[in-house]
Structures are given as structure tokens and as C-alpha cells.
>>> print(open('structure_13.txt').read())   # compact mmCIF, C-alpha atoms
# COMPACT_ATOMS: atom_id res chain seq x y z
CA MET C 261 -9.65 -3.61 -30.43
CA LEU C 262 -11.05 -2.17 -27.21
CA ARG C 263 -10.16 1.50 -26.72
CA LEU C 264 -10.17 3.44 -23.47
CA VAL C 265 -11.69 6.88 -23.56
CA PHE C 266 -10.29 9.43 -21.15
CA SER C 267 -11.80 12.69 -20.08
CA SER C 268 -10.37 15.54 -18.05
CA ASP C 269 -13.76 16.19 -16.51
CA PRO C 270 -13.63 14.83 -12.93
CA ARG C 271 -17.36 14.16 -13.08
CA VAL C 272 -16.72 11.74 -15.90
CA LEU C 273 -13.63 10.14 -14.40
CA GLY C 274 -15.22 9.60 -11.04
CA SER C 275 -11.95 8.23 -9.73
CA PRO C 276 -12.42 6.44 -6.40
CA PRO C 277 -10.28 7.27 -3.38
CA VAL C 278 -6.86 5.63 -3.39
CA SER C 279 -7.85 3.52 -0.39
CA ALA C 280 -10.25 1.71 -2.71
CA PHE C 281 -7.32 0.00 -4.42
CA LEU C 282 -5.84 -1.46 -1.29
CA THR C 283 -8.26 -3.71 0.54
CA GLN C 284 -6.05 -6.76 0.12
CA GLY C 285 -2.88 -5.14 1.46
CA VAL C 286 0.28 -7.10 0.75
CA SER C 287 -0.91 -10.53 1.82
CA GLY C 288 0.43 -12.25 -1.28
CA LYS C 289 -2.99 -13.66 -2.20
CA ALA C 290 -4.52 -13.31 -5.63
CA VAL C 291 -6.82 -10.31 -5.71
CA ASP C 292 -10.23 -10.60 -7.26
CA CYS C 293 -11.45 -7.44 -8.94
CA TRP C 294 -14.59 -6.93 -6.91
CA SER C 295 -13.06 -7.98 -3.64
CA ALA C 296 -10.25 -5.49 -4.28
CA TRP C 297 -12.43 -2.41 -4.70
CA ASN C 298 -16.02 -1.48 -5.14
CA PHE C 299 -17.43 1.35 -7.24
CA SER C 300 -20.73 1.33 -5.40
CA GLY C 301 -19.25 3.58 -2.74
CA GLY C 302 -18.63 1.02 -0.02
CA HIS C 303 -14.88 1.59 0.22
CA GLN C 304 -12.90 0.58 3.27
CA SER C 305 -10.10 2.77 4.53
CA MET C 306 -6.52 1.56 4.82
CA GLU C 307 -6.66 2.11 8.58
CA HIS C 308 -9.64 -0.23 8.91
CA ILE C 309 -8.09 -2.80 6.61
CA HIS C 310 -4.80 -3.03 8.46
CA ASP C 311 -6.43 -2.99 11.86
CA SER C 312 -8.66 -5.87 10.79
CA ASP C 313 -5.60 -7.95 9.83
CA GLY C 314 -5.00 -8.48 13.52
CA SER C 315 -1.45 -7.15 13.45
CA SER C 316 -2.25 -4.31 15.83
CA SER C 317 -5.12 -5.85 17.77
CA SER C 318 -2.94 -6.89 20.71
CA SER C 319 0.28 -5.52 22.10
CA HIS C 320 2.20 -8.81 22.11
CA GLN C 321 1.71 -9.26 18.36
CA SER C 322 3.45 -5.97 17.56
CA LEU C 323 6.15 -6.42 20.24
CA LYS C 324 9.57 -5.74 18.78
CA SER C 325 7.97 -4.70 15.49
CA THR C 326 10.14 -1.58 15.40
CA ALA C 327 13.25 -3.75 15.22
CA LYS C 328 11.78 -5.46 12.18
CA TRP C 329 10.82 -2.15 10.58
CA ALA C 330 14.31 -0.78 11.14
CA ALA C 331 15.91 -3.83 9.49
CA SER C 332 14.62 -2.94 6.03
CA LEU C 333 11.91 -1.09 4.16
CA GLU C 334 10.82 -4.46 2.77
CA ASN C 335 10.09 -5.71 6.29
CA LEU C 336 8.17 -2.57 7.12
CA LEU C 337 5.97 -2.87 4.03
CA GLU C 338 5.18 -6.50 4.83
CA ASP C 339 3.75 -5.52 8.22
CA PRO C 340 0.28 -3.90 8.15
CA GLU C 341 1.03 -2.01 11.36
CA GLY C 342 4.30 -0.82 9.86
CA VAL C 343 2.50 0.41 6.75
CA LYS C 344 0.01 2.24 8.95
CA ARG C 345 2.74 4.03 10.89
CA PHE C 346 4.74 4.80 7.75
CA ARG C 347 1.63 6.32 6.15
CA GLU C 348 1.12 8.52 9.21
CA PHE C 349 4.67 9.80 8.80
CA LEU C 350 4.38 10.33 5.04
CA LYS C 351 1.15 12.29 5.50
CA LYS C 352 3.12 14.80 7.55
CA GLU C 353 5.68 15.00 4.75
CA PHE C 354 2.96 15.36 2.10
CA SER C 355 4.21 12.27 0.25
CA GLU C 356 1.72 9.58 1.25
CA GLU C 357 0.96 8.95 -2.41
CA ASN C 358 4.29 7.12 -2.74
CA VAL C 359 3.41 4.25 -0.44
CA LEU C 360 -0.19 4.19 -1.72
CA PHE C 361 1.09 3.79 -5.27
CA TRP C 362 3.50 1.05 -4.22
CA LEU C 363 0.71 -0.84 -2.46
CA ALA C 364 -1.66 -0.39 -5.39
CA CYS C 365 0.99 -1.89 -7.70
CA GLU C 366 1.45 -4.84 -5.35
CA ASP C 367 -2.30 -5.52 -5.45
CA PHE C 368 -2.32 -5.11 -9.22
CA LYS C 369 0.34 -7.80 -9.68
CA LYS C 370 -1.85 -10.28 -7.78
CA MET C 371 -5.07 -9.61 -9.66
CA GLN C 372 -7.17 -12.24 -11.37
CA ASP C 373 -8.00 -10.78 -14.77
CA LYS C 374 -11.73 -11.33 -15.06
CA THR C 375 -14.29 -9.50 -17.18
CA GLN C 376 -16.78 -7.78 -14.92
CA ASN C 377 -20.40 -7.89 -16.03
CA HIS C 378 -21.30 -5.09 -13.64
CA SER C 379 -18.31 -2.87 -14.29
CA ARG C 380 -18.88 0.83 -14.81
CA TYR C 381 -16.80 0.29 -17.96
CA PRO C 382 -18.82 -2.45 -19.73
CA GLY C 383 -16.61 -5.05 -21.40
CA PHE C 384 -13.47 -4.02 -19.54
CA THR C 385 -11.51 -6.71 -17.75
CA CYS C 386 -10.72 -6.32 -14.10
CA MET C 387 -7.08 -5.63 -14.92
CA GLN C 388 -7.94 -2.99 -17.54
CA GLU C 389 -10.22 -1.24 -15.12
CA LYS C 390 -7.76 -1.15 -12.25
CA ALA C 391 -4.86 -0.21 -14.54
CA LYS C 392 -6.85 2.82 -15.64
CA GLU C 393 -7.67 3.79 -12.06
CA ILE C 394 -4.01 3.52 -11.01
CA TYR C 395 -2.98 5.57 -14.03
CA MET C 396 -5.57 8.29 -13.46
CA THR C 397 -4.88 8.48 -9.72
CA PHE C 398 -1.08 8.37 -9.65
CA LEU C 399 0.47 8.78 -13.12
CA SER C 400 -1.65 11.01 -15.32
CA SER C 401 -0.64 14.64 -15.72
CA LYS C 402 -3.95 15.44 -14.00
CA ALA C 403 -3.64 12.76 -11.34
CA SER C 404 -5.11 13.61 -7.97
CA SER C 405 -2.18 11.96 -6.14
CA GLN C 406 0.60 12.17 -8.70
CA VAL C 407 3.84 10.37 -7.86
CA ASN C 408 7.24 11.75 -8.79
CA VAL C 409 8.71 9.46 -11.47
CA GLU C 410 11.12 10.19 -14.27
CA GLY C 411 9.44 11.68 -17.31
CA GLN C 412 10.78 9.10 -19.75
CA SER C 413 9.41 6.31 -17.57
CA ARG C 414 5.83 7.51 -17.66
CA LEU C 415 3.41 5.14 -19.31
CA ASN C 416 1.65 5.91 -22.54
CA GLU C 417 -2.11 5.62 -22.16
CA LYS C 418 -2.23 3.10 -24.99
CA ILE C 419 -0.53 0.47 -22.84
CA LEU C 420 -3.66 0.42 -20.68
CA GLU C 421 -5.51 -1.34 -23.49
CA GLU C 422 -3.46 -4.52 -22.99
CA PRO C 423 -2.38 -4.52 -19.34
CA HIS C 424 -0.17 -7.16 -17.75
CA PRO C 425 0.75 -7.76 -14.09
CA LEU C 426 4.21 -6.17 -14.33
CA MET C 427 3.27 -3.12 -16.39
CA PHE C 428 3.88 -0.78 -13.41
CA GLN C 429 6.98 -2.60 -12.13
CA LYS C 430 9.59 -0.10 -13.32
CA LEU C 431 7.69 2.83 -11.84
CA GLN C 432 7.02 0.91 -8.64
CA ASP C 433 10.75 0.21 -8.29
CA GLN C 434 11.50 3.92 -8.75
CA ILE C 435 9.09 4.87 -5.99
CA PHE C 436 10.42 2.13 -3.73
CA ASN C 437 13.98 3.43 -4.10
CA LEU C 438 12.78 6.99 -3.56
CA MET C 439 11.20 5.94 -0.27
CA LYS C 440 14.13 3.72 0.73
CA TYR C 441 16.82 6.36 0.31
CA ASP C 442 14.78 9.36 1.38
CA SER C 443 11.67 9.20 3.55
CA TYR C 444 12.35 5.78 5.13
CA SER C 445 15.60 6.93 6.76
CA ARG C 446 13.83 9.97 8.18
CA PHE C 447 10.98 7.79 9.41
CA LEU C 448 13.42 5.75 11.53
CA LYS C 449 14.57 8.99 13.21
CA SER C 450 11.10 10.45 13.58
CA ASP C 451 9.27 11.06 16.85
CA LEU C 452 6.50 8.77 15.61
CA PHE C 453 8.84 5.79 15.22
CA LEU C 454 10.81 6.48 18.39
CA LYS C 455 7.62 6.85 20.43
CA HIS C 456 6.36 3.51 19.15
CA LYS C 457 9.73 1.95 20.00
CA ARG C 458 9.60 3.31 23.56
CA THR C 459 6.09 1.94 23.97
CA GLU C 460 7.30 -1.51 22.95
CA GLU C 461 10.19 -1.34 25.39
CA GLU C 462 7.86 -0.28 28.22
CA GLU C 463 5.50 -3.16 27.43
CA GLU C 464 8.40 -5.59 27.38
CA ASP C 465 9.60 -4.34 30.78
CA SER C 466 6.16 -4.53 32.35
CA PRO C 467 5.60 -7.12 35.15
CA ASP C 468 3.06 -9.02 33.06
CA ALA C 469 5.46 -9.33 30.15
CA GLN C 470 8.29 -10.49 32.43
CA THR C 471 6.03 -13.07 34.09
CA ALA C 472 4.97 -14.39 30.70
CA ALA C 473 8.60 -14.59 29.58
CA LYS C 474 9.59 -16.54 32.72
CA ARG C 475 6.64 -18.89 32.26
CA ALA C 476 7.61 -19.52 28.65
CA SER C 477 11.21 -20.15 29.72
CA ARG C 478 10.13 -22.72 32.32
CA ILE C 479 7.96 -24.50 29.78
CA TYR C 480 10.80 -24.53 27.24
CA ASN C 481 13.28 -25.94 29.76
CA THR C 482 11.04 -28.73 31.06
>>> encode(input="structure_13.txt", output="C-alpha cells")
Amino acid sequence: MLRLVFSSDPRVLGSPPVSAFLTQGVSGKAVDCWSAWNFSGGHQSMEHIHDSDGSSSSSHQSLKSTAKWAASLENLLEDPEGVKRFREFLKKEFSEENVLFWLACEDFKKMQDKTQNHSRYPGFTCMQEKAKEIYMTFLSSKASSQVNVEGQSRLNEKILEEPHPLMFQKLQDQIFNLMKYDSYSRFLKSDLFLKHKRTEEEEEDSPDAQTAAKRASRIYNT
């Protein structure tokens, strides 16, 4: 049976930045191992990823997005622009690792478990490799971005030998509830959120937006 060997030496672990886990966001598509992250050093940042989704490329696409974000945390996490703003807020609260872990788990559940011939861990499957990276980044006692989960819920390293898509589900649910009942409510009252909401309202009240709305109304009524 394949065994994982762990080392506390960071030079050996060589754990990639957490943004390396998240190039597919929460699109719902199956995630291929090497499209999801790349150990050659060519990582994309979350900011670049979400901007490239087109959700924040034009003002009309994000119009009224704050109303959607305020409806539920689920809605916020489905919107790349919402995730971007929520991350900005969590950075200020020193708890960004929570949403990064949640997103990493979402990607993990969509993975295609393929053996990678060019993996830095020869013979490891894609799922084994990413499970180890998630564990070492967020869950290990020496994790660089450790999340706050109940001690009895922490995974034993041995489970990494035979990973499955829902292996992090219980921990992901804990972190989701932590965000939902704690940081999310503060986010909705934050200056960052309220400023974005005011910007939307100003754009909606602009002459161009009103003209477009009237034009759409005429077209609809003809």
C-alpha cells in the first residue's frame, strides 16, 4: 500500500501558496489536477482568477450584487466578485484562511482522480496529492494557514492514503458555519460592503443606467 511520508522541514514540504488550489473557483466543473494547480511555480492569484471570470469586468454585471450577497452566504460564495470582497474583509480580520479552505474543499470535491506522471510525488494520484496539500496547508498542527476546527474532527494523516471527494466535508461544514454565524454578519455591516452597495446605487441612479432601463422597458412593452 502506498504510504505518504511527511516532514516538518519546510524545504521538504515545499507547500505551494493557498491560491494554487483555487484556480477553478466554484464553477461546478470537474477539476483536473494539473489545471487546478501547478508545482512549476506558475500559480495564478485568486484576484486574477476571479477577475478573469468576467463577473467584475463591467459594472452592469455586478449591479445589485450586494443584494444577492446579503441574501445568504451561499449566494456570496457562488459569486466570484463576492468571494473577492469577502476575502478582502477576512484579511483585515486575520481569518482569510477560512474561506480559502472552504474553496479548496469545493475544488477537491470536483477533482478527477488521475495519476500524474510528472507529479513531484511519483505514483501519487491527483486526489492524493491535493489532499496532502490541503492537509499540510490548513489542518496539520504545523499548517501555514491553520483553520480553527474542533480537535476531535481533525483528520488522521492515514486517511490521506485513500482519499475520497467528501473526506473534508465535515470540516468544511464547520468552517462554513463559523463564517456564516460570525464573520459573514460583520461583513454585511462593514464599510467595505456598504461602500460597494453605495457604488451600485450610484451606478443605478446614473443617467446612462436610467436611459438603458427605459429603453429596455420600451422594448419589453412593444
>>> residues_around(input="structure_13.txt", residues="Trp362 (chain C)", least_positions_apart="6", cutoff="12 Å", atoms="only C-alpha atoms", output="PDB file with C-alpha atoms, in the frame of the given file")
ATOM      1  CA  VAL C 278      -6.860   5.630  -3.390  1.00  0.00           C
ATOM      2  CA  PHE C 281      -7.320   0.000  -4.420  1.00  0.00           C
ATOM      3  CA  LEU C 282      -5.840  -1.460  -1.290  1.00  0.00           C
ATOM      4  CA  GLY C 285      -2.880  -5.140   1.460  1.00  0.00           C
ATOM      5  CA  VAL C 286       0.280  -7.100   0.750  1.00  0.00           C
ATOM      6  CA  GLU C 334      10.820  -4.460   2.770  1.00  0.00           C
ATOM      7  CA  LEU C 337       5.970  -2.870   4.030  1.00  0.00           C
ATOM      8  CA  GLU C 338       5.180  -6.500   4.830  1.00  0.00           C
ATOM      9  CA  VAL C 343       2.500   0.410   6.750  1.00  0.00           C
ATOM     10  CA  ARG C 347       1.630   6.320   6.150  1.00  0.00           C
ATOM     11  CA  GLU C 356       1.720   9.580   1.250  1.00  0.00           C
ATOM     12  CA  PHE C 368      -2.320  -5.110  -9.220  1.00  0.00           C
ATOM     13  CA  LYS C 369       0.340  -7.800  -9.680  1.00  0.00           C
ATOM     14  CA  ILE C 394      -4.010   3.520 -11.010  1.00  0.00           C
ATOM     15  CA  PHE C 398      -1.080   8.370  -9.650  1.00  0.00           C
ATOM     16  CA  VAL C 407       3.840  10.370  -7.860  1.00  0.00           C
ATOM     17  CA  PHE C 428       3.880  -0.780 -13.410  1.00  0.00           C
ATOM     18  CA  GLN C 429       6.980  -2.600 -12.130  1.00  0.00           C
ATOM     19  CA  LYS C 430       9.590  -0.100 -13.320  1.00  0.00           C
ATOM     20  CA  LEU C 431       7.690   2.830 -11.840  1.00  0.00           C
ATOM     21  CA  GLN C 432       7.020   0.910  -8.640  1.00  0.00           C
ATOM     22  CA  ASP C 433      10.750   0.210  -8.290  1.00  0.00           C
ATOM     23  CA  GLN C 434      11.500   3.920  -8.750  1.00  0.00           C
ATOM     24  CA  ILE C 435       9.090   4.870  -5.990  1.00  0.00           C
ATOM     25  CA  PHE C 436      10.420   2.130  -3.730  1.00  0.00           C
ATOM     26  CA  ASN C 437      13.980   3.430  -4.100  1.00  0.00           C
ATOM     27  CA  LEU C 438      12.780   6.990  -3.560  1.00  0.00           C
ATOM     28  CA  MET C 439      11.200   5.940  -0.270  1.00  0.00           C
TER      29      MET C 439
END
>>> closest_residue(input="structure_13.txt", among="C:Gln388, C:Thr397, C:Ser443, C:Gln372", to="Phe354 (chain C)", atoms="all atoms listed in the file")
C:Ser443
>>> residues_around(input="structure_13.txt", residues="Phe346 (chain C)", least_positions_apart="5", cutoff="10 Å", atoms="all atoms listed in the file", output="list in words")
Trp329, Leu333, Leu336, Leu337, Pro340, Glu341, Lys351, Glu356, Val359, Ser443, Tyr444, Phe447, Leu448, Leu452 and Phe453 of chain C
>>> closest_residue(input="structure_13.txt", among="C:Glu460, C:Asp442, C:Glu393, C:Glu421", to="Ala364 (chain C)", atoms="all atoms listed in the file")
C:Glu393
>>> closest_residue(input="structure_13.txt", among="C:Glu462, C:Glu389, C:Asp339, C:Glu366", to="Pro425 (chain C)", atoms="all atoms listed in the file")
C:Glu366
>>> closest_residue(input="structure_13.txt", among="C:Lys402, C:Lys352, C:Lys324, C:Lys370", to="Thr459 (chain C)", atoms="only C-alpha atoms")
C:Lys324
>>> atom_distance(input="structure_13.txt", atom1="CA of Ser445 (chain C)", atom2="CA of Asp465 (chain C)")
27.2 Å
>>> atom_distance(input="structure_13.txt", atom1="CA of Ile419 (chain C)", atom2="CA of Met371 (chain C)")
17.2 Å
>>> closest_residue(input="structure_13.txt", among="C:Glu461, C:Asn335, C:Lys390, C:Glu348", to="Met427 (chain C)", atoms="only C-alpha atoms")
C:Lys390
>>> atom_distance(input="structure_13.txt", atom1="CA of Asn408 (chain C)", atom2="CA of Leu454 (chain C)")
27.9 Å
>>> closest_residue(input="structure_13.txt", among="C:Tyr395, C:Phe349, C:Lys328, C:Asn358", to="Lys449 (chain C)", atoms="only C-alpha atoms")
C:Phe349
